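Raw contents of target.csv, CSV, C-alpha atoms and all ligand atoms:
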chain,number,residue,atom,x,y,z
A,1,MET,CA,-101.7,179.2,1.1
A,2,ILE,CA,-101.4,176.2,-1.1
A,3,SER,CA,-100.5,173.0,0.8
A,4,LEU,CA,-97.5,170.9,-0.1
A,5,ASN,CA,-99.8,168.0,-0.9
A,6,ARG,CA,-101.9,170.0,-3.4
A,7,PHE,CA,-98.7,171.4,-5.0
A,8,ALA,CA,-97.3,167.9,-5.4
A,9,GLY,CA,-100.6,166.7,-6.9
A,10,SER,CA,-100.6,169.6,-9.4
A,11,VAL,CA,-97.0,168.9,-10.5
A,12,SER,CA,-97.8,165.2,-10.8
A,13,ALA,CA,-100.9,165.9,-13.0
A,14,LEU,CA,-98.8,168.3,-15.1
A,15,LEU,CA,-96.1,165.7,-15.6
A,16,LYS,CA,-98.7,163.1,-16.5
A,17,GLY,CA,-100.2,165.3,-19.2
A,18,LEU,CA,-96.7,166.1,-20.6
A,19,GLY,CA,-96.0,162.3,-20.6
A,20,VAL,CA,-99.1,161.7,-22.8
A,21,THR,CA,-98.0,164.5,-25.2
A,22,LEU,CA,-94.5,163.1,-25.4
A,23,ASN,CA,-95.8,159.6,-26.0
A,24,TYR,CA,-97.8,160.9,-29.0
A,25,ILE,CA,-94.8,162.8,-30.3
A,26,VAL,CA,-92.6,159.7,-30.4
A,27,HIS,CA,-95.5,157.4,-31.6
A,28,PRO,CA,-97.4,159.5,-34.2
A,29,LYS,CA,-99.3,156.5,-35.5
A,30,ARG,CA,-101.2,156.2,-32.2
A,31,VAL,CA,-102.7,159.7,-32.6
A,32,VAL,CA,-106.5,159.3,-33.0
A,33,THR,CA,-107.4,163.0,-33.3
A,34,ARG,CA,-108.4,164.0,-36.8
A,35,GLU,CA,-107.4,167.4,-38.2
A,36,TYR,CA,-110.4,169.4,-39.4
A,37,PRO,CA,-111.5,171.2,-41.6
A,38,GLU,CA,-108.4,171.2,-43.8
A,39,ASN,CA,-108.7,167.4,-44.5
A,40,ARG,CA,-112.5,167.3,-45.1
A,41,GLU,CA,-111.9,165.9,-48.6
A,42,THR,CA,-110.0,163.0,-47.4
A,43,LEU,CA,-111.8,162.2,-44.2
A,44,THR,CA,-113.1,158.6,-44.0
A,45,PHE,CA,-115.5,157.1,-41.4
A,46,PRO,CA,-116.2,153.6,-40.2
A,47,GLU,CA,-119.1,152.0,-42.0
A,48,ARG,CA,-121.3,152.1,-38.9
A,49,PHE,CA,-121.0,155.9,-38.7
A,50,ARG,CA,-124.4,157.6,-38.7
A,51,GLY,CA,-124.4,160.9,-40.5
A,52,GLN,CA,-127.9,161.4,-41.8
A,53,VAL,CA,-130.6,159.3,-43.6
A,54,VAL,CA,-129.9,159.1,-47.4
A,55,MET,CA,-131.7,157.4,-50.3
A,56,PRO,CA,-129.3,155.7,-52.7
A,57,HIS,CA,-130.2,156.2,-56.4
A,58,ASP,CA,-128.9,154.2,-59.4
A,59,GLU,CA,-127.5,155.6,-62.6
A,60,ASN,CA,-131.0,156.3,-63.9
A,61,ASN,CA,-132.0,158.1,-60.8
A,62,ASP,CA,-134.2,155.3,-59.7
A,63,HIS,CA,-134.5,154.1,-56.1
A,64,ASN,CA,-136.0,151.2,-54.2
A,65,CYS,CA,-138.6,153.1,-52.3
A,66,THR,CA,-142.2,151.8,-52.8
A,67,ALA,CA,-143.8,154.5,-50.6
A,68,CYS,CA,-144.9,151.8,-48.2
A,69,THR,CA,-144.6,154.3,-45.3
A,70,LEU,CA,-143.1,151.8,-42.9
A,71,CYS,CA,-140.2,154.1,-42.2
A,72,GLU,CA,-142.5,157.0,-41.5
A,73,LYS,CA,-144.4,154.8,-39.0
A,74,ALA,CA,-141.2,153.6,-37.4
A,75,CYS,CA,-139.8,157.1,-36.8
A,76,PRO,CA,-140.4,158.0,-33.1
A,77,ASN,CA,-140.4,161.8,-33.6
A,78,GLY,CA,-142.1,162.4,-37.0
A,79,SER,CA,-138.9,163.2,-38.9
A,80,ILE,CA,-140.1,161.5,-42.0
A,81,SER,CA,-143.2,162.2,-44.2
A,82,ILE,CA,-143.9,160.1,-47.2
A,83,LEU,CA,-146.0,162.1,-49.7
A,84,THR,CA,-147.5,159.8,-52.4
A,85,THR,CA,-148.7,160.4,-55.9
A,86,LYS,CA,-149.9,158.3,-58.8
A,87,ASN,CA,-147.9,157.4,-61.8
A,88,ILE,CA,-149.1,157.1,-65.4
A,89,ALA,CA,-150.5,153.6,-64.7
A,90,SER,CA,-152.5,155.0,-61.7
A,91,LYS,CA,-150.2,153.1,-59.3
A,92,ARG,CA,-149.4,154.7,-56.0
A,93,VAL,CA,-145.8,155.8,-56.0
A,94,LEU,CA,-143.5,158.1,-54.0
A,95,GLY,CA,-144.0,161.7,-54.6
A,96,GLN,CA,-141.6,163.2,-52.0
A,97,PHE,CA,-139.6,161.6,-49.3
A,98,VAL,CA,-139.5,164.5,-46.8
A,99,TYR,CA,-136.7,164.1,-44.2
A,100,ARG,CA,-136.4,166.6,-41.3
A,101,LEU,CA,-132.8,166.4,-40.3
A,102,SER,CA,-133.3,169.1,-37.6
A,103,SER,CA,-135.4,166.6,-35.5
A,104,CYS,CA,-133.7,163.3,-36.6
A,105,THR,CA,-131.9,161.6,-33.7
A,106,LEU,CA,-130.0,159.2,-36.0
A,107,CYS,CA,-131.6,156.3,-34.2
A,108,ASN,CA,-131.6,154.0,-37.3
A,109,LEU,CA,-135.1,152.8,-36.7
A,110,CYS,CA,-136.4,153.9,-40.1
A,111,ILE,CA,-133.5,152.0,-41.8
A,112,GLU,CA,-134.3,148.8,-39.9
A,113,ALA,CA,-138.0,149.2,-40.8
A,114,CYS,CA,-137.5,149.5,-44.5
A,115,PRO,CA,-138.1,146.1,-46.2
A,116,PHE,CA,-136.6,147.2,-49.5
A,117,ASP,CA,-133.3,148.6,-48.5
A,118,ALA,CA,-134.3,151.9,-49.9
A,119,ILE,CA,-132.6,154.1,-47.3
A,120,ARG,CA,-129.5,154.0,-45.3
A,121,MET,CA,-127.3,156.1,-43.0
A,122,GLY,CA,-125.0,158.3,-45.0
A,123,HIS,CA,-121.7,159.6,-43.9
A,124,GLY,CA,-122.4,163.3,-44.1
A,125,PHE,CA,-121.0,165.3,-41.2
A,126,GLU,CA,-121.4,169.0,-42.0
A,127,MET,CA,-125.1,169.4,-41.4
A,128,ALA,CA,-125.6,172.8,-39.9
A,129,GLY,CA,-128.0,175.4,-41.2
A,130,TYR,CA,-129.2,178.9,-40.3
A,131,THR,CA,-132.9,178.0,-40.4
A,132,ARG,CA,-134.9,174.9,-39.5
A,133,GLU,CA,-136.4,174.9,-43.1
A,134,GLU,CA,-132.9,174.5,-44.6
A,135,LEU,CA,-132.8,171.1,-42.8
A,136,ASP,CA,-136.0,169.9,-44.4
A,137,LEU,CA,-134.6,167.6,-47.2
A,138,ILE,CA,-136.3,165.8,-50.1
A,139,LEU,CA,-134.4,162.5,-50.4
A,140,ASN,CA,-135.8,161.4,-53.8
A,141,LYS,CA,-134.4,163.1,-56.8
A,142,LYS,CA,-137.5,162.8,-59.0
A,143,GLU,CA,-141.2,162.8,-58.0
A,144,GLY,CA,-143.4,159.9,-59.0
A,145,ARG,CA,-140.5,157.4,-59.4
A,201,LIG,S1,-133.0,157.9,-37.8
A,201,LIG,FE1,-134.6,157.8,-36.3
A,201,LIG,S2,-135.2,159.9,-35.9
A,201,LIG,FE2,-134.1,159.9,-37.8
A,201,LIG,S3,-135.6,159.7,-39.4
A,201,LIG,FE3,-134.9,157.6,-38.9
A,201,LIG,S4,-136.3,156.8,-37.4
A,201,LIG,FE4,-136.6,159.1,-37.5
A,202,LIG,S1,-137.9,154.1,-47.6
A,202,LIG,FE1,-138.5,151.9,-47.3
A,202,LIG,S2,-139.9,151.9,-45.6
A,202,LIG,FE2,-139.7,154.0,-46.3
A,202,LIG,S3,-141.5,154.3,-47.7
A,202,LIG,FE3,-139.7,153.7,-48.9
A,202,LIG,S4,-139.8,151.5,-49.1
A,202,LIG,FE4,-141.1,152.0,-47.4
What does the file become when written as structure tokens?
Amino acid sequence: MISLNRFAGSVSALLKGLGVTLNYIVHPKRVVTREYPENRETLTFPERFRGQVVMPHDENNDHNCTACTLCEKACPNGSISILTTKNIASKRVLGQFVYRLSSCTLCNLCIEACPFDAIRMGHGFEMAGYTREELDLILNKKEGR
């Protein structure tokens, strides 16, 4: 049989929860929960939010990556592979920037290691896939640039 103390404790916890709900009803601006997925187009995130590693490109599809491999060396779990090639002037340039989102822990070490500001943490948040291969991403849009 339930003791009086336990019953009183349960009622108290119930009233406390109802109080929180009532507080949010009368103060809707204090609500921090985001509706999802209906509002996915309008969702915004704080600048420091770490979604996934991205490589910004300019209007000519150029980027700042020099294929120096510092990010690859900085990554603690091998989530980055820098594949190089040679351009028309026989200069070593980036062939493919392979990024394995499936193993990335979003630790930011690669971003901090890059001396050319060529990669950053994007704000992507829907990053699921059915196979591991789907999460192997090529971050540069053109090879040899
Ligand atoms: S964020 Fe961390 S785990 Fe992910 S690629 Fe960069 S260094 Fe590797
Ligand atoms: S992203 Fe930065 S650190 Fe990585 S290879 Fe390119 S220039 Fe080097």
Once you count only C-alpha atoms and all ligand atoms, which residues end up within 8 Å of ligand LIG 202 (chain A), and could you hand them over as a VMD selection string?
chain A and resid 55 64 to 72 82 94 97 110 to 111 113 to 119
Can you pull out every residue with an atom within 8 Å of ligand LIG 201 (chain A)? Use all atoms listed in the file and format it as JSON, numbers by chain.
{"A": [52, 53, 71, 72, 74, 75, 76, 77, 78, 79, 80, 99, 100, 101, 103, 104, 105, 106, 107, 108, 109, 110, 111, 121]}
Given all atoms listed in the file as the counted atoms, nearest of A:Pro37, A:Val93, A:Ser81, A:Ser3 to Ile138 of chain A
A:Ser81
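Residues in contact with segment 43-46 of chain A at up to 12 Å, not including ones fewer than 2 positions away on its chain and judged by only C-alpha atoms, are Thr33, Arg34, Glu35, Tyr36, Pro37, Glu38, Asn39, Arg40, Glu41, Arg48, Phe49, Arg50, Gly51, Met121, Gly122, His123, Gly124, Phe125 and Glu126 of chain A.
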Please identify all polymer residues lying at most 8 Å from the point (-138.3, 160.8, -55.7) (file coordinates), using all atoms listed in the file, and present the result as a count of residues only.
14
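Straight-line separation from atom CA of Pro56 of chain A to atom CA of Asp136 of chain A: 17.8 Å.
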Kindly give the distance, in Å, that separates atom CA of Ile2 of chain A and atom CA of Thr21 of chain A, rounded to a single decimal.
27.0 Å
Which residue is closest to His57 of chain A? Choose from A:Lys91, A:Arg132, A:Arg120, A:His27 and count only C-alpha atoms.
A:Arg120
Between atom CA of Asp58 of chain A and atom CA of Leu135 of chain A - distance in Å to one decimal:
24.0 Å
Would you pull segment 49-68 of chain A out of the block just shown and save N, CA and C atoms as a PDB file, in the first residue's frame?
ATOM      1  N   PHE A  49      27.434  26.938 -33.229  1.00  0.00           N
ATOM      2  CA  PHE A  49      26.856  25.607 -33.442  1.00  0.00           C
ATOM      3  C   PHE A  49      27.707  24.821 -34.442  1.00  0.00           C
ATOM      4  N   ARG A  50      28.024  23.574 -34.099  1.00  0.00           N
ATOM      5  CA  ARG A  50      28.846  22.733 -34.966  1.00  0.00           C
ATOM      6  C   ARG A  50      27.977  21.682 -35.647  1.00  0.00           C
ATOM      7  N   GLY A  51      27.704  21.899 -36.919  1.00  0.00           N
ATOM      8  CA  GLY A  51      26.906  20.930 -37.662  1.00  0.00           C
ATOM      9  C   GLY A  51      27.773  19.910 -38.348  1.00  0.00           C
ATOM     10  N   GLN A  52      28.603  20.354 -39.281  1.00  0.00           N
ATOM     11  CA  GLN A  52      29.529  19.464 -39.981  1.00  0.00           C
ATOM     12  C   GLN A  52      30.591  20.344 -40.628  1.00  0.00           C
ATOM     13  N   VAL A  53      31.702  19.727 -41.031  1.00  0.00           N
ATOM     14  CA  VAL A  53      32.773  20.502 -41.664  1.00  0.00           C
ATOM     15  C   VAL A  53      32.337  20.866 -43.085  1.00  0.00           C
ATOM     16  N   VAL A  54      32.500  22.120 -43.454  1.00  0.00           N
ATOM     17  CA  VAL A  54      32.182  22.564 -44.816  1.00  0.00           C
ATOM     18  C   VAL A  54      33.350  23.382 -45.363  1.00  0.00           C
ATOM     19  N   MET A  55      33.413  23.484 -46.688  1.00  0.00           N
ATOM     20  CA  MET A  55      34.462  24.272 -47.339  1.00  0.00           C
ATOM     21  C   MET A  55      33.790  25.403 -48.123  1.00  0.00           C
ATOM     22  N   PRO A  56      33.882  26.628 -47.633  1.00  0.00           N
ATOM     23  CA  PRO A  56      33.262  27.743 -48.357  1.00  0.00           C
ATOM     24  C   PRO A  56      33.912  27.947 -49.734  1.00  0.00           C
ATOM     25  N   HIS A  57      33.086  28.230 -50.726  1.00  0.00           N
ATOM     26  CA  HIS A  57      33.559  28.540 -52.080  1.00  0.00           C
ATOM     27  C   HIS A  57      33.104  29.951 -52.448  1.00  0.00           C
ATOM     28  N   ASP A  58      33.867  30.612 -53.322  1.00  0.00           N
ATOM     29  CA  ASP A  58      33.429  31.930 -53.781  1.00  0.00           C
ATOM     30  C   ASP A  58      32.547  31.773 -55.020  1.00  0.00           C
ATOM     31  N   GLU A  59      32.210  32.893 -55.643  1.00  0.00           N
ATOM     32  CA  GLU A  59      31.279  32.851 -56.779  1.00  0.00           C
ATOM     33  C   GLU A  59      31.876  32.127 -57.986  1.00  0.00           C
ATOM     34  N   ASN A  60      33.196  31.980 -58.019  1.00  0.00           N
ATOM     35  CA  ASN A  60      33.837  31.241 -59.125  1.00  0.00           C
ATOM     36  C   ASN A  60      34.126  29.784 -58.752  1.00  0.00           C
ATOM     37  N   ASN A  61      33.526  29.337 -57.648  1.00  0.00           N
ATOM     38  CA  ASN A  61      33.755  27.985 -57.134  1.00  0.00           C
ATOM     39  C   ASN A  61      35.193  27.750 -56.703  1.00  0.00           C
ATOM     40  N   ASP A  62      35.907  28.806 -56.373  1.00  0.00           N
ATOM     41  CA  ASP A  62      37.256  28.669 -55.834  1.00  0.00           C
ATOM     42  C   ASP A  62      37.189  28.638 -54.308  1.00  0.00           C
ATOM     43  N   HIS A  63      38.216  28.049 -53.712  1.00  0.00           N
ATOM     44  CA  HIS A  63      38.278  27.940 -52.257  1.00  0.00           C
ATOM     45  C   HIS A  63      39.698  28.286 -51.808  1.00  0.00           C
ATOM     46  N   ASN A  64      39.923  28.305 -50.517  1.00  0.00           N
ATOM     47  CA  ASN A  64      41.238  28.695 -49.990  1.00  0.00           C
ATOM     48  C   ASN A  64      42.161  27.518 -49.728  1.00  0.00           C
ATOM     49  N   CYS A  65      41.710  26.309 -49.979  1.00  0.00           N
ATOM     50  CA  CYS A  65      42.511  25.136 -49.598  1.00  0.00           C
ATOM     51  C   CYS A  65      43.740  24.989 -50.493  1.00  0.00           C
ATOM     52  N   THR A  66      44.887  24.801 -49.847  1.00  0.00           N
ATOM     53  CA  THR A  66      46.142  24.624 -50.579  1.00  0.00           C
ATOM     54  C   THR A  66      46.622  23.173 -50.546  1.00  0.00           C
ATOM     55  N   ALA A  67      45.792  22.290 -50.017  1.00  0.00           N
ATOM     56  CA  ALA A  67      46.137  20.869 -49.913  1.00  0.00           C
ATOM     57  C   ALA A  67      47.367  20.652 -49.027  1.00  0.00           C
ATOM     58  N   CYS A  68      47.511  21.467 -47.992  1.00  0.00           N
ATOM     59  CA  CYS A  68      48.686  21.362 -47.115  1.00  0.00           C
ATOM     60  C   CYS A  68      48.619  20.149 -46.193  1.00  0.00           C
TER      61      CYS A  68
END
